[in-house]
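Quick look at input30.cif (mmCIF, C-alpha atoms):
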```cif
data_upload
#
loop_
_atom_site.label_atom_id
_atom_site.label_comp_id
_atom_site.auth_asym_id
_atom_site.auth_seq_id
_atom_site.Cartn_x
_atom_site.Cartn_y
_atom_site.Cartn_z
CA MET A 310 -193.47 102.83 77.93
CA SER A 311 -196.50 101.92 75.88
CA ALA A 312 -199.50 100.00 77.09
CA VAL A 313 -199.23 96.24 76.83
CA ASN A 314 -201.68 94.77 74.29
CA MET A 315 -203.69 91.92 75.79
CA LEU A 316 -204.98 90.75 72.41
CA GLU A 317 -201.58 90.13 70.87
CA TRP A 318 -198.73 87.76 71.49
CA PRO A 319 -196.74 88.08 73.76
CA GLY A 320 -198.75 90.85 75.47
CA PHE A 321 -201.37 88.27 76.37
CA LEU A 322 -198.77 86.22 78.22
CA ALA A 323 -197.72 89.31 80.15
CA TYR A 324 -201.35 89.95 81.11
CA SER A 325 -201.87 86.35 82.18
CA LEU A 326 -198.78 86.41 84.37
CA GLN A 327 -199.70 89.79 85.86
CA ILE A 328 -203.14 88.46 86.83
CA GLU A 329 -201.60 85.64 88.83
CA ASN A 330 -198.80 87.69 90.39
CA ASP A 331 -201.21 90.41 91.50
CA ALA A 332 -203.51 87.78 93.02
CA VAL A 333 -200.58 86.27 94.94
CA GLU A 334 -199.64 89.71 96.29
CA ARG A 335 -203.22 90.53 97.27
CA TYR A 336 -204.04 87.21 98.94
CA THR A 337 -200.74 87.31 100.82
CA MET A 338 -201.60 90.75 102.18
CA PHE A 339 -205.07 89.54 103.15
CA ALA A 340 -203.61 86.51 104.94
CA GLU A 341 -201.33 88.83 106.91
CA GLN A 342 -204.30 91.06 107.77
CA MET A 343 -206.17 88.09 109.18
CA ASP A 344 -203.09 86.89 111.08
CA VAL A 345 -202.78 90.28 112.74
CA THR A 346 -206.48 90.49 113.61
CA ASN A 347 -206.59 86.91 114.94
CA ASN A 348 -208.83 85.37 112.32
CA PRO A 349 -206.67 82.26 111.70
CA GLU A 350 -209.19 80.25 109.71
CA VAL A 351 -209.61 82.95 107.07
CA ALA A 352 -205.88 83.73 107.18
CA GLU A 353 -205.12 80.13 106.28
CA LEU A 354 -207.68 80.24 103.50
CA PHE A 355 -206.15 83.35 101.93
CA ARG A 356 -202.67 81.86 102.34
CA GLU A 357 -203.83 78.77 100.47
CA MET A 358 -205.22 80.98 97.69
CA ALA A 359 -201.87 82.77 97.43
CA ARG A 360 -200.15 79.40 97.15
CA LEU A 361 -202.51 78.18 94.42
CA GLU A 362 -202.21 81.42 92.42
CA GLY A 363 -198.43 81.15 92.80
CA ILE A 364 -198.56 77.70 91.20
CA HIS A 365 -200.52 79.17 88.29
CA ALA A 366 -197.97 81.97 87.95
CA ARG A 367 -195.11 79.48 87.74
CA GLU A 368 -197.03 77.43 85.15
CA ILE A 369 -197.40 80.54 83.01
CA GLU A 370 -193.74 81.41 83.51
CA ALA A 371 -192.89 77.91 82.27
CA GLN A 372 -195.01 78.52 79.18
CA ILE A 373 -193.26 81.85 78.62
CA GLY A 374 -189.86 80.24 78.87
CA SER A 375 -187.35 82.33 76.97
CA GLN A 376 -189.92 84.32 75.02
CA ALA A 377 -189.50 88.10 75.22
CA LEU A 378 -192.22 89.87 77.20
CA PRO A 379 -193.08 93.56 76.97
CA ASP A 380 -191.69 95.27 80.06
CA GLY A 381 -194.73 97.12 81.35
CA ALA A 382 -195.28 98.76 84.70
CA SER A 383 -198.39 97.64 86.58
CA TRP A 384 -200.36 100.63 85.27
CA GLU A 385 -199.58 99.76 81.65
CA PHE A 386 -202.11 96.94 81.90
CA GLU A 387 -205.60 98.08 80.99
CA TRP A 388 -207.96 96.00 83.08
CA PRO A 389 -211.72 96.05 82.51
CA HIS A 390 -212.36 97.12 86.13
CA GLY A 391 -209.15 99.04 86.87
CA ASP A 392 -207.55 96.20 88.82
CA ALA A 393 -206.43 92.75 87.70
CA PRO A 394 -209.51 90.49 87.52
CA GLU A 395 -208.37 87.95 90.12
CA SER A 396 -207.48 90.66 92.65
CA VAL A 397 -210.05 91.21 95.38
CA ASP A 398 -210.58 94.87 96.23
CA PHE A 399 -208.55 96.06 99.22
CA SER A 400 -211.64 97.51 100.89
CA ASP A 401 -213.64 94.25 100.75
CA THR A 402 -212.04 92.54 103.72
CA HIS A 403 -213.23 92.73 107.31
CA TYR A 404 -211.46 91.54 110.43
CA LEU A 405 -214.44 89.40 111.44
CA MET A 406 -215.19 88.00 108.00
CA THR A 407 -216.10 84.33 107.81
CA PRO A 408 -214.65 81.68 105.48
CA TYR A 409 -217.89 81.78 103.51
CA GLN A 410 -217.51 85.51 102.92
CA ALA A 411 -213.84 85.18 102.03
CA LEU A 412 -214.59 82.42 99.55
CA THR A 413 -217.39 84.51 98.05
CA LEU A 414 -214.80 87.18 97.27
CA VAL A 415 -212.51 84.53 95.80
CA LEU A 416 -215.39 83.12 93.75
CA GLU A 417 -216.17 86.55 92.31
CA ALA A 418 -212.49 87.02 91.45
CA GLU A 419 -212.40 83.70 89.59
CA GLN A 420 -215.57 84.64 87.73
CA ARG A 421 -213.95 87.93 86.65
CA ALA A 422 -210.98 85.93 85.39
CA VAL A 423 -213.29 83.71 83.32
CA ALA A 424 -214.91 86.81 81.81
CA PHE A 425 -211.51 88.32 81.05
CA PHE A 426 -210.18 85.30 79.20
CA GLU A 427 -213.47 84.80 77.36
CA THR A 428 -213.28 88.41 76.18
CA VAL A 429 -209.74 87.92 74.91
CA GLU A 430 -210.78 84.68 73.19
CA ARG A 431 -213.62 86.52 71.48
CA ASP A 432 -211.78 89.71 70.53
CA SER A 433 -208.27 88.66 69.59
CA SER A 434 -207.41 88.19 65.93
CA ASP A 435 -204.37 86.09 66.84
CA GLU A 436 -205.13 82.38 66.61
CA LYS A 437 -202.44 81.47 69.15
CA VAL A 438 -203.81 84.00 71.65
CA ARG A 439 -207.38 82.79 71.14
CA GLU A 440 -206.39 79.18 71.75
CA LEU A 441 -204.51 79.94 74.93
CA ALA A 442 -207.23 82.32 76.15
CA ALA A 443 -209.80 79.55 75.63
CA GLU A 444 -207.59 77.15 77.59
CA PHE A 445 -207.18 79.64 80.43
CA ALA A 446 -210.90 80.44 80.47
CA GLY A 447 -211.58 76.70 80.80
CA GLU A 448 -209.15 76.44 83.69
CA GLU A 449 -210.74 79.41 85.41
CA ARG A 450 -214.21 77.89 84.97
CA GLY A 451 -212.83 74.84 86.74
CA HIS A 452 -211.58 77.08 89.55
CA VAL A 453 -215.03 78.65 89.84
CA GLU A 454 -216.58 75.23 90.41
CA LEU A 455 -213.83 74.26 92.82
CA VAL A 456 -214.25 77.40 94.91
CA ARG A 457 -218.02 77.03 94.86
CA ARG A 458 -217.73 73.50 96.28
CA TRP A 459 -215.15 74.70 98.78
CA ARG A 460 -217.48 77.49 99.91
CA ASP A 461 -220.38 75.04 100.27
CA ARG A 462 -218.53 73.40 103.16
CA TYR A 463 -219.08 76.52 105.24
CA PRO A 464 -222.31 78.00 106.56
CA PRO A 465 -223.34 81.46 105.33
CA PRO A 466 -222.66 84.18 107.92
CA GLU A 467 -225.14 84.82 110.68
CA ASP A 468 -226.95 88.17 110.66
CA ASP A 469 -224.72 89.46 113.44
CA TRP A 470 -221.46 88.14 111.98
CA ASP A 471 -219.73 91.50 112.52
CA HIS A 472 -220.85 91.91 116.13
CA ASP A 473 -217.84 92.68 118.31
CA PRO A 474 -218.42 93.18 122.04
CA ASP A 475 -215.20 95.20 122.19
CA PRO A 476 -215.04 96.94 118.80
CA PRO A 477 -211.98 98.92 117.71
CA ASN A 478 -214.07 102.03 117.19
CA GLN A 479 -215.46 101.98 120.73
CA LEU A 480 -214.79 105.42 122.17
CA GLU A 481 -213.18 105.44 125.57
CA MET B 361 -187.12 97.72 76.63
CA VAL B 362 -187.84 94.07 76.05
CA MET B 363 -186.57 91.23 78.15
CA THR B 364 -187.34 87.56 78.49
CA GLY B 365 -189.31 86.19 81.39
CA GLY B 366 -186.15 84.65 82.81
CA GLU B 367 -184.12 87.85 82.47
CA ALA B 368 -186.87 89.91 84.02
CA ALA B 369 -187.02 87.57 86.98
CA GLU B 370 -183.26 87.82 87.45
CA THR B 371 -182.67 91.53 87.00
CA MET B 372 -185.80 93.38 88.04
CA LEU B 373 -186.86 93.87 91.60
CA LYS B 374 -190.50 92.98 92.04
CA PRO B 375 -192.87 95.02 94.19
CA LYS B 376 -192.68 92.40 96.93
CA ASP B 377 -188.91 92.91 97.10
CA TYR B 378 -189.57 96.37 98.60
CA LYS B 379 -191.74 94.99 101.41
CA SER B 380 -190.35 94.13 104.80
CA ASP B 381 -191.31 91.04 106.78
CA THR B 382 -193.29 93.14 109.23
CA LYS B 383 -197.02 92.54 108.94
CA PRO B 384 -199.06 95.75 108.80
CA VAL B 385 -201.37 96.32 111.74
CA TRP B 386 -203.85 98.46 109.83
CA CYS B 387 -207.48 97.37 109.99
CA PRO B 388 -208.48 94.97 107.19
CA GLY B 389 -210.14 97.06 104.48
CA CYS B 390 -207.97 100.12 105.21
CA GLY B 391 -206.90 102.05 102.12
CA ASP B 392 -203.33 102.27 103.37
CA PHE B 393 -202.70 98.67 102.27
CA SER B 394 -203.33 99.79 98.72
CA VAL B 395 -200.99 102.77 99.12
CA LEU B 396 -198.28 100.42 100.37
CA ALA B 397 -198.79 98.28 97.27
CA ALA B 398 -198.76 101.39 95.06
CA ILE B 399 -195.45 102.61 96.51
CA THR B 400 -193.80 99.22 96.00
CA ARG B 401 -195.11 99.05 92.43
CA ALA B 402 -193.83 102.55 91.67
CA LEU B 403 -190.37 101.81 93.09
CA SER B 404 -190.22 98.53 91.19
CA ALA B 405 -191.24 100.17 87.91
CA LEU B 406 -188.64 102.89 88.38
CA SER B 407 -186.02 100.26 89.31
CA ILE B 408 -184.82 102.23 92.30
CA ALA B 409 -182.74 100.01 94.55
CA PRO B 410 -184.20 99.76 98.08
CA GLU B 411 -180.93 100.99 99.58
CA ASN B 412 -181.34 104.23 97.62
CA VAL B 413 -184.78 104.95 99.06
CA ALA B 414 -185.61 106.57 102.38
CA VAL B 415 -189.19 106.80 103.62
CA VAL B 416 -189.80 109.34 106.38
CA SER B 417 -193.04 109.61 108.31
CA GLY B 418 -194.65 111.32 111.27
CA ILE B 419 -197.30 109.83 113.53
CA GLY B 420 -200.57 108.15 112.71
CA CYS B 421 -201.85 105.00 111.02
CA SER B 422 -200.37 105.96 107.64
CA SER B 423 -197.05 106.90 109.22
CA ARG B 424 -196.41 103.27 110.07
CA ILE B 425 -195.51 102.66 106.46
CA PRO B 426 -191.67 102.85 106.79
CA ALA B 427 -191.81 99.71 108.94
CA TYR B 428 -193.53 97.82 106.16
CA LEU B 429 -190.96 98.70 103.52
CA ASP B 430 -187.54 97.17 103.10
CA THR B 431 -185.95 100.56 102.41
CA TYR B 432 -184.36 103.01 104.78
CA GLY B 433 -187.00 104.55 106.99
CA PHE B 434 -187.49 107.04 109.79
CA HIS B 435 -190.66 107.05 111.88
CA GLY B 436 -190.43 110.59 113.19
CA VAL B 437 -192.42 112.72 115.57
CA HIS B 438 -195.91 114.08 115.03
CA GLY B 439 -196.15 116.49 112.11
CA ARG B 440 -192.39 116.75 111.63
CA ALA B 441 -191.80 114.32 108.80
CA LEU B 442 -191.22 117.08 106.24
CA PRO B 443 -188.43 118.87 108.13
CA LEU B 444 -186.72 115.52 108.68
CA ALA B 445 -187.05 114.61 105.02
CA THR B 446 -185.88 118.04 103.91
CA GLY B 447 -182.74 117.75 105.98
CA LEU B 448 -182.11 114.24 104.74
CA LYS B 449 -182.50 115.21 101.07
CA ILE B 450 -180.23 118.23 101.47
CA ALA B 451 -177.57 116.08 103.11
CA ARG B 452 -178.04 113.10 100.79
CA PRO B 453 -179.30 114.41 97.43
CA ASP B 454 -178.54 111.02 95.87
CA LEU B 455 -181.36 109.37 97.82
CA CYS B 456 -184.96 109.04 96.65
CA VAL B 457 -186.78 110.54 99.63
CA LEU B 458 -190.46 109.77 100.15
CA VAL B 459 -192.52 111.25 102.96
CA ALA B 460 -195.63 109.48 104.22
CA SER B 461 -198.28 111.20 106.26
CA GLY B 462 -201.96 111.43 107.04
CA ASP B 463 -204.38 114.33 107.02
CA GLY B 464 -204.04 114.98 110.74
CA ASP B 465 -200.27 114.62 110.93
CA GLY B 466 -199.68 116.42 107.63
CA PHE B 467 -202.24 119.21 107.61
CA SER B 468 -202.78 119.99 111.29
CA ILE B 469 -199.78 119.23 113.48
CA GLY B 470 -197.50 119.51 110.44
CA GLY B 471 -199.59 122.06 108.57
CA ASN B 472 -197.06 124.85 108.59
CA HIS B 473 -194.26 122.51 107.55
CA PHE B 474 -196.42 121.57 104.57
CA LEU B 475 -196.65 125.20 103.42
CA GLN B 476 -192.93 125.83 103.90
CA ALA B 477 -191.98 122.57 102.16
CA CYS B 478 -194.04 123.61 99.14
CA ARG B 479 -192.28 127.00 99.16
CA ARG B 480 -188.83 125.52 99.63
CA ASN B 481 -189.27 123.03 96.77
CA VAL B 482 -186.74 120.44 97.88
CA ASP B 483 -186.89 117.33 95.70
CA VAL B 484 -188.95 115.02 97.91
CA THR B 485 -192.24 113.25 97.28
CA TYR B 486 -194.93 113.83 99.87
CA ILE B 487 -197.68 111.19 99.99
CA VAL B 488 -200.59 112.04 102.26
CA MET B 489 -203.10 109.29 102.92
CA ASP B 490 -206.24 111.30 103.52
CA ASN B 491 -209.15 109.65 105.32
CA GLN B 492 -210.58 112.81 106.84
CA VAL B 493 -210.24 111.52 110.39
CA TYR B 494 -207.72 110.85 113.15
CA GLY B 495 -207.89 107.06 113.12
CA MET B 496 -205.13 106.08 115.51
CA THR B 497 -206.56 108.22 118.31
CA LYS B 498 -210.05 106.78 117.78
CA GLY B 499 -211.87 108.98 115.38
CA GLN B 500 -211.64 112.73 115.84
CA ALA B 501 -212.24 115.29 113.12
CA SER B 502 -209.16 116.27 111.15
CA PRO B 503 -208.46 119.36 109.01
CA THR B 504 -210.05 117.71 105.95
CA THR B 505 -213.19 116.48 107.75
CA GLU B 506 -216.50 117.82 106.47
CA PRO B 507 -217.96 120.49 108.79
CA ASP B 508 -221.13 118.49 109.47
CA TRP B 509 -219.48 115.17 110.41
CA ASP B 510 -220.84 114.64 113.91
CA HIS B 511 -219.66 111.14 114.81
CA SER B 512 -216.99 112.19 117.27
CA LYS B 513 -217.73 112.97 120.90
CA LEU B 514 -215.36 115.92 120.57
CA THR B 515 -217.47 117.48 117.82
CA PRO B 516 -221.03 116.24 118.46
CA HIS B 517 -222.46 118.91 116.18
CA GLY B 518 -219.71 118.71 113.60
CA THR B 519 -216.72 121.02 113.43
CA ARG B 520 -218.77 123.69 111.66
CA ILE B 521 -215.59 125.02 110.13
CA ASN B 522 -214.39 124.84 106.57
CA PRO B 523 -212.19 121.88 105.70
CA PHE B 524 -208.65 122.30 104.48
CA TYR B 525 -208.15 121.98 100.69
CA PRO B 526 -204.68 120.45 100.36
CA LEU B 527 -204.34 120.80 96.59
CA VAL B 528 -205.31 124.47 96.70
CA LEU B 529 -202.78 125.19 99.44
CA ALA B 530 -200.06 123.19 97.70
CA LEU B 531 -200.56 125.18 94.51
CA ALA B 532 -200.69 128.52 96.30
CA SER B 533 -197.58 127.66 98.30
CA GLY B 534 -195.43 126.66 95.35
CA ALA B 535 -195.40 122.86 95.15
CA ASN B 536 -193.86 121.76 91.88
CA PHE B 537 -196.06 118.70 91.29
CA ILE B 538 -199.59 118.26 92.59
CA ALA B 539 -201.80 115.19 92.16
CA ARG B 540 -204.62 113.18 93.67
CA ALA B 541 -204.95 109.39 93.64
CA SER B 542 -207.27 106.85 95.23
CA SER B 543 -206.53 103.69 97.16
CA SER B 544 -209.35 102.05 95.21
CA ASP B 545 -207.05 102.17 92.16
CA PRO B 546 -203.63 100.92 93.28
CA ASN B 547 -202.26 100.91 89.74
CA GLY B 548 -203.40 104.47 89.12
CA ALA B 549 -201.91 105.52 92.46
CA ALA B 550 -198.64 103.77 91.55
CA LYS B 551 -198.49 105.66 88.26
CA VAL B 552 -199.07 109.02 89.96
CA ILE B 553 -196.48 108.25 92.67
CA SER B 554 -193.92 107.23 90.06
CA GLU B 555 -194.49 110.49 88.18
CA ALA B 556 -194.19 112.41 91.43
CA ILE B 557 -190.87 110.72 92.22
CA GLU B 558 -189.53 111.48 88.77
CA HIS B 559 -190.62 115.12 88.77
CA PRO B 560 -187.96 117.48 90.16
CA GLY B 561 -188.78 119.53 93.23
CA PHE B 562 -191.44 119.11 95.90
CA SER B 563 -194.14 116.72 94.73
CA PHE B 564 -197.40 116.41 96.62
CA VAL B 565 -199.76 113.45 96.20
CA GLN B 566 -203.02 113.31 98.11
CA VAL B 567 -204.31 109.74 98.22
CA LEU B 568 -207.94 109.24 99.19
CA SER B 569 -207.56 106.30 101.55
CA PRO B 570 -210.70 105.24 103.44
CA CYS B 571 -210.75 104.61 107.17
CA VAL B 572 -213.15 101.66 107.30
CA THR B 573 -213.28 101.69 111.09
CA PHE B 574 -214.21 105.29 111.92
CA ARG B 575 -215.51 106.38 108.51
CA PRO B 576 -217.04 103.17 107.08
CA GLU B 577 -219.10 105.23 104.66
CA GLN B 578 -215.82 106.00 102.85
CA ARG B 579 -215.97 102.51 101.34
CA GLU B 580 -218.30 104.22 98.86
CA TRP B 581 -215.50 106.52 97.64
CA LYS B 582 -214.50 103.92 95.08
CA LYS B 583 -217.83 104.52 93.35
CA ILE B 584 -217.36 108.30 93.30
CA VAL B 585 -213.74 108.82 92.28
CA ARG B 586 -213.03 109.23 88.58
CA PRO B 587 -210.23 110.53 86.37
CA ALA B 588 -210.05 114.30 86.00
CA PRO B 589 -211.48 115.31 82.64
CA ILE B 590 -208.41 117.28 81.58
CA GLU B 591 -204.68 116.71 81.40
CA ALA B 592 -202.10 118.04 83.84
CA THR B 593 -201.14 121.63 83.26
CA THR B 594 -197.84 123.47 83.60
CA ASP B 595 -199.66 126.75 84.12
CA PRO B 596 -200.46 127.52 87.78
CA ALA B 597 -203.28 129.87 86.77
CA ALA B 598 -204.93 127.10 84.74
CA ALA B 599 -204.45 124.71 87.67
CA ALA B 600 -206.09 127.23 89.99
CA ARG B 601 -209.06 127.59 87.64
CA ARG B 602 -209.40 123.81 87.49
CA LEU B 603 -209.46 123.62 91.28
CA MET B 604 -212.43 125.98 91.32
CA THR B 605 -214.53 123.14 89.88
CA ASP B 606 -212.82 120.33 91.77
CA ASP B 607 -215.13 118.28 94.00
CA ASN B 608 -212.20 116.50 95.72
CA PHE B 609 -212.86 113.25 93.87
CA TYR B 610 -211.13 113.95 90.56
CA LEU B 611 -208.00 111.84 90.20
CA GLY B 612 -204.78 112.40 88.32
CA VAL B 613 -202.02 114.94 88.03
CA LEU B 614 -203.22 118.52 88.38
CA TYR B 615 -200.02 120.51 87.99
CA LYS B 616 -196.43 120.00 86.84
CA GLY B 617 -194.31 123.05 87.50
CA SER B 618 -190.85 123.85 86.24
CA ARG B 619 -189.42 125.70 89.23
CA GLU B 620 -185.83 124.75 90.03
CA PRO B 621 -185.61 122.58 93.16
CA PHE B 622 -183.84 124.02 96.18
CA GLU B 623 -180.46 122.29 96.25
CA PRO B 624 -178.04 124.18 98.49
CA GLU B 625 -174.42 123.23 98.19
CA ILE B 626 -173.26 121.67 101.39
CA PRO B 627 -169.49 121.69 101.79
CA ALA B 628 -168.22 118.15 101.99
CA ARG B 629 -166.92 117.47 105.46
CA LEU B 630 -165.91 114.35 107.22
CA ALA B 631 -166.66 114.64 110.90
CA THR B 632 -165.65 112.28 113.60
CA GLU B 633 -168.26 111.01 116.01
CA ARG B 634 -166.66 113.21 118.69
CA GLU B 635 -166.86 116.33 116.49
CA LEU B 636 -170.52 115.64 115.77
CA GLU B 637 -171.27 115.18 119.46
CA GLU B 638 -169.59 118.51 120.25
CA GLU B 639 -171.41 120.31 117.44
CA PHE B 640 -174.83 119.09 118.50
CA CYS B 641 -174.25 119.17 122.25
CA VAL B 642 -176.86 121.28 124.05
#
```
Rewrite the structure of this file - the entire thing - as structure tokens.
Amino acid sequence: MSAVNMLEWPGFLAYSLQIENDAVERYTMFAEQMDVTNNPEVAELFREMARLEGIHAREIEAQIGSQALPDGASWEFEWPHGDAPESVDFSDTHYLMTPYQALTLVLEAEQRAVAFFETVERDSSDEKVRELAAEFAGEERGHVELVRRWRDRYPPPEDDWDHDPDPPNQLE
Amino acid sequence: MVMTGGEAAETMLKPKDYKSDTKPVWCPGCGDFSVLAAITRALSALSIAPENVAVVSGIGCSSRIPAYLDTYGFHGVHGRALPLATGLKIARPDLCVLVASGDGDGFSIGGNHFLQACRRNVDVTYIVMDNQVYGMTKGQASPTTEPDWDHSKLTPHGTRINPFYPLVLALASGANFIARASSSDPNGAAKVISEAIEHPGFSFVQVLSPCVTFRPEQREWKKIVRPAPIEATTDPAAAARRLMTDDNFYLGVLYKGSREPFEPEIPARLATERELEEEFCV
């Protein structure tokens, strides 16, 4: 299999769909992590993010329709930072994280998505790709503002936010 | 191969289709989540039906992984995943057999099985999630722990003994495919695992997978790991030379051998439940 080209049609569509599908997978896993570690508020927040990214994925699928997509494995996509831009790093979660911290991770992911689509808009020589990349970048900028306002509803974490009187690494 | 979005959705299993409904109980931030994602991505890319996959494990945090996959699975006893998997593959050569382990389970309790599995070269893929600590038993030094790590009450001055070098031992013992991946790069890990599955014989993949609870400093690994500067070799001598300069953070495939896998012919036999009970009665 050859690498999927993000600057050409329909490779760009495949990239756009992969971004959303990866984000759904990641946020779903994070929601489950928070369920298991009894952090329901953040679990619900990640679950809502998975739902929203799923809506975006279905919108892109609708745009793809019957168009043929290159069939690339996940590693055929060459992301600027190794992982899809809207995917939060696996190691960035914490069982005591607050909604503010979770939404900061989400905000950074949306900002990476803006940068990704702006780069495609700038670098592609395909007019159709540039137009759609500009549209997606605009949508992602809207998401950045939305998440920022969402985060503003929560207080920043206290200095001792990760204090646990009975921590899992307490030796017996 | 090219297919439409609709066709792809209908015919291809997605990574999530390989996950079970059981929620992992690993600590948030644990690298094993990424390894789980990498395995599902590899299986999806290779289009291996879940019913044709068996994941065998031993004991430890990483060995919980069969429960989180919607494939066949066997959560075995400590250190004994490889003998179980070897027997399974010999009896059912049609199955894709993956073995999941950690550095304690795989290199200490199961250390000798590791050497013999490399020698025997049965066509299984051995994925060891290495976090250089026994996490499930609350943070003791493992065979791959640095000699000066002194955070455990059992080794307050560090172990002061040399760590185990899994890739070196795998090469010396005859593994047919040897690679290192990182949980910080789930797509890179998926690619390596898919190559390991496709390569005939015993394939060994060490995945650097941080324990954020007992080794929180391992979160920094993602800043240290990088692709190995040279391509995989088919020459064991060249692989050995490359390991002389390996700092344990180079990623990618080190070695792809061409040794024939061990595939003994087992005479086909249909046994009744009673016959089996008599044969295995002690």
Please tabulate, as CSV, the residues of segment 331-450 of chain A that come within 6 Å of segment 380-399 of chain B, each with its closest pair of atoms and the distance in Å to one decimal, counting all atoms listed in the file and ordering rows by chain, then residue number upward.
```
residue,atom,partner,partner_atom,distance
A:Gln342,CA,B:Pro388,CA,5.8
A:Phe399,CA,B:Gly389,CA,5.6
A:Ser400,CA,B:Gly389,CA,3.9
A:Asp401,CA,B:Gly389,CA,5.8
A:Thr402,CA,B:Gly389,CA,5.0
A:His403,CA,B:Pro388,CA,5.3
A:Tyr404,CA,B:Pro388,CA,5.6
```
### Message
Could you tell me which residues of chain A sit within 7 Å of chain B when counting all atoms listed in the file, and give me the result as number ranges by chain?
### Response
A: 341-342, 345, 370, 373-380, 382-384, 391-392, 399-404, 478, 480
### Task
Give me the residues within 8 Å of Asp331 of chain A as an MDAnalysis selection string, counting all atoms listed in the file and dropping any in the same chain fewer than 5 places off.
chainID A and resid 393 395:396
### Query
segment 444-446 of chain A: which residues within 8 Å, counting only C-alpha atoms, same-chain residues fewer than 5 positions away excluded, as a PyMOL selection string?
chain A and resi 422-427
Name the residues captured by the PyMOL selection byres ((chain B and resi 485-493) around 6) when it is applied to the shown file; answer as a PDB file with C-alpha atoms, keeping the file's coordinate frame.
```
ATOM      1  CA  LEU B 458    -190.460 109.770 100.150  1.00  0.00           C
ATOM      2  CA  VAL B 459    -192.520 111.250 102.960  1.00  0.00           C
ATOM      3  CA  ALA B 460    -195.630 109.480 104.220  1.00  0.00           C
ATOM      4  CA  SER B 461    -198.280 111.200 106.260  1.00  0.00           C
ATOM      5  CA  GLY B 462    -201.960 111.430 107.040  1.00  0.00           C
ATOM      6  CA  ASP B 463    -204.380 114.330 107.020  1.00  0.00           C
ATOM      7  CA  VAL B 484    -188.950 115.020  97.910  1.00  0.00           C
ATOM      8  CA  TYR B 494    -207.720 110.850 113.150  1.00  0.00           C
ATOM      9  CA  GLY B 495    -207.890 107.060 113.120  1.00  0.00           C
ATOM     10  CA  GLY B 499    -211.870 108.980 115.380  1.00  0.00           C
ATOM     11  CA  GLN B 500    -211.640 112.730 115.840  1.00  0.00           C
ATOM     12  CA  ALA B 501    -212.240 115.290 113.120  1.00  0.00           C
ATOM     13  CA  SER B 502    -209.160 116.270 111.150  1.00  0.00           C
ATOM     14  CA  THR B 504    -210.050 117.710 105.950  1.00  0.00           C
ATOM     15  CA  THR B 505    -213.190 116.480 107.750  1.00  0.00           C
ATOM     16  CA  ILE B 557    -190.870 110.720  92.220  1.00  0.00           C
ATOM     17  CA  SER B 563    -194.140 116.720  94.730  1.00  0.00           C
ATOM     18  CA  PHE B 564    -197.400 116.410  96.620  1.00  0.00           C
ATOM     19  CA  VAL B 565    -199.760 113.450  96.200  1.00  0.00           C
ATOM     20  CA  GLN B 566    -203.020 113.310  98.110  1.00  0.00           C
ATOM     21  CA  VAL B 567    -204.310 109.740  98.220  1.00  0.00           C
ATOM     22  CA  LEU B 568    -207.940 109.240  99.190  1.00  0.00           C
ATOM     23  CA  SER B 569    -207.560 106.300 101.550  1.00  0.00           C
ATOM     24  CA  PRO B 570    -210.700 105.240 103.440  1.00  0.00           C
ATOM     25  CA  CYS B 571    -210.750 104.610 107.170  1.00  0.00           C
TER      26      CYS B 571
END
```
#### Entry: the PyMOL selection byres ((chain A and resi 467) around 12) resolved against shown file, as a PyMOL selection string
chain A and resi 405-407+409-410+463-466+468-472
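Between Ala418 of chain A and the candidates A:Ile328, A:Ala371, A:Thr346, A:Gly363, the tightest atom-to-atom separation, counting only C-alpha atoms, involves A:Ile328.
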### Task
Go ahead and compute the interatomic distance for atom CA of Leu531 of chain B and atom CA of Leu403 of chain B, in Å to one decimal.
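Taking atom CA of Leu531 of chain B and atom CA of Leu403 of chain B, their separation equals 25.5 Å.
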### Task
Please indicate the distance in Å from atom CA of Leu529 of chain B to atom CA of Tyr432 of chain B, rounded to one decimal place.
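Interatomic distance, atom CA of Leu529 of chain B to atom CA of Tyr432 of chain B: 29.3 Å.
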#### Entry: Selected residue of minimal separation from Ala445 of chain B among B:Ile626, B:Ala535, B:Ala414, B:Ala631, counting only C-alpha atoms
B:Ala414
Using only C-alpha atoms, which protein or nucleic acid residues come within 9 Å of His559 of chain B? Drop anything in the same chain fewer than 4 positions from it, and give the result as a PDB file with C-alpha atoms, keeping the file's coordinate frame.
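Now in around.pdb:
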```
ATOM      1  CA  ASP B 483    -186.890 117.330  95.700  1.00  0.00           C
ATOM      2  CA  THR B 485    -192.240 113.250  97.280  1.00  0.00           C
ATOM      3  CA  ASN B 536    -193.860 121.760  91.880  1.00  0.00           C
ATOM      4  CA  PHE B 537    -196.060 118.700  91.290  1.00  0.00           C
ATOM      5  CA  SER B 554    -193.920 107.230  90.060  1.00  0.00           C
ATOM      6  CA  GLU B 555    -194.490 110.490  88.180  1.00  0.00           C
ATOM      7  CA  SER B 563    -194.140 116.720  94.730  1.00  0.00           C
ATOM      8  CA  LYS B 616    -196.430 120.000  86.840  1.00  0.00           C
ATOM      9  CA  GLY B 617    -194.310 123.050  87.500  1.00  0.00           C
TER      10      GLY B 617
END
```
Residue neighbourhood Arg431 of chain A, 12 Å, only C-alpha atoms, exclusion window fewer than 6 positions, as an mmCIF file with C-alpha atoms, keeping the file's coordinate frame:
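Dumped everything to result_27.cif:
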```
data_model
loop_
_atom_site.group_PDB
_atom_site.id
_atom_site.type_symbol
_atom_site.label_atom_id
_atom_site.label_comp_id
_atom_site.auth_asym_id
_atom_site.auth_seq_id
_atom_site.Cartn_x
_atom_site.Cartn_y
_atom_site.Cartn_z
ATOM 1 C CA LEU A 316 -204.980 90.750 72.410
ATOM 2 C CA ALA A 424 -214.910 86.810 81.810
ATOM 3 C CA PHE A 425 -211.510 88.320 81.050
ATOM 4 C CA VAL A 438 -203.810 84.000 71.650
ATOM 5 C CA ARG A 439 -207.380 82.790 71.140
ATOM 6 C CA GLU A 440 -206.390 79.180 71.750
ATOM 7 C CA LEU A 441 -204.510 79.940 74.930
ATOM 8 C CA ALA A 442 -207.230 82.320 76.150
ATOM 9 C CA ALA A 443 -209.800 79.550 75.630
ATOM 10 C CA ALA A 446 -210.900 80.440 80.470
#
```
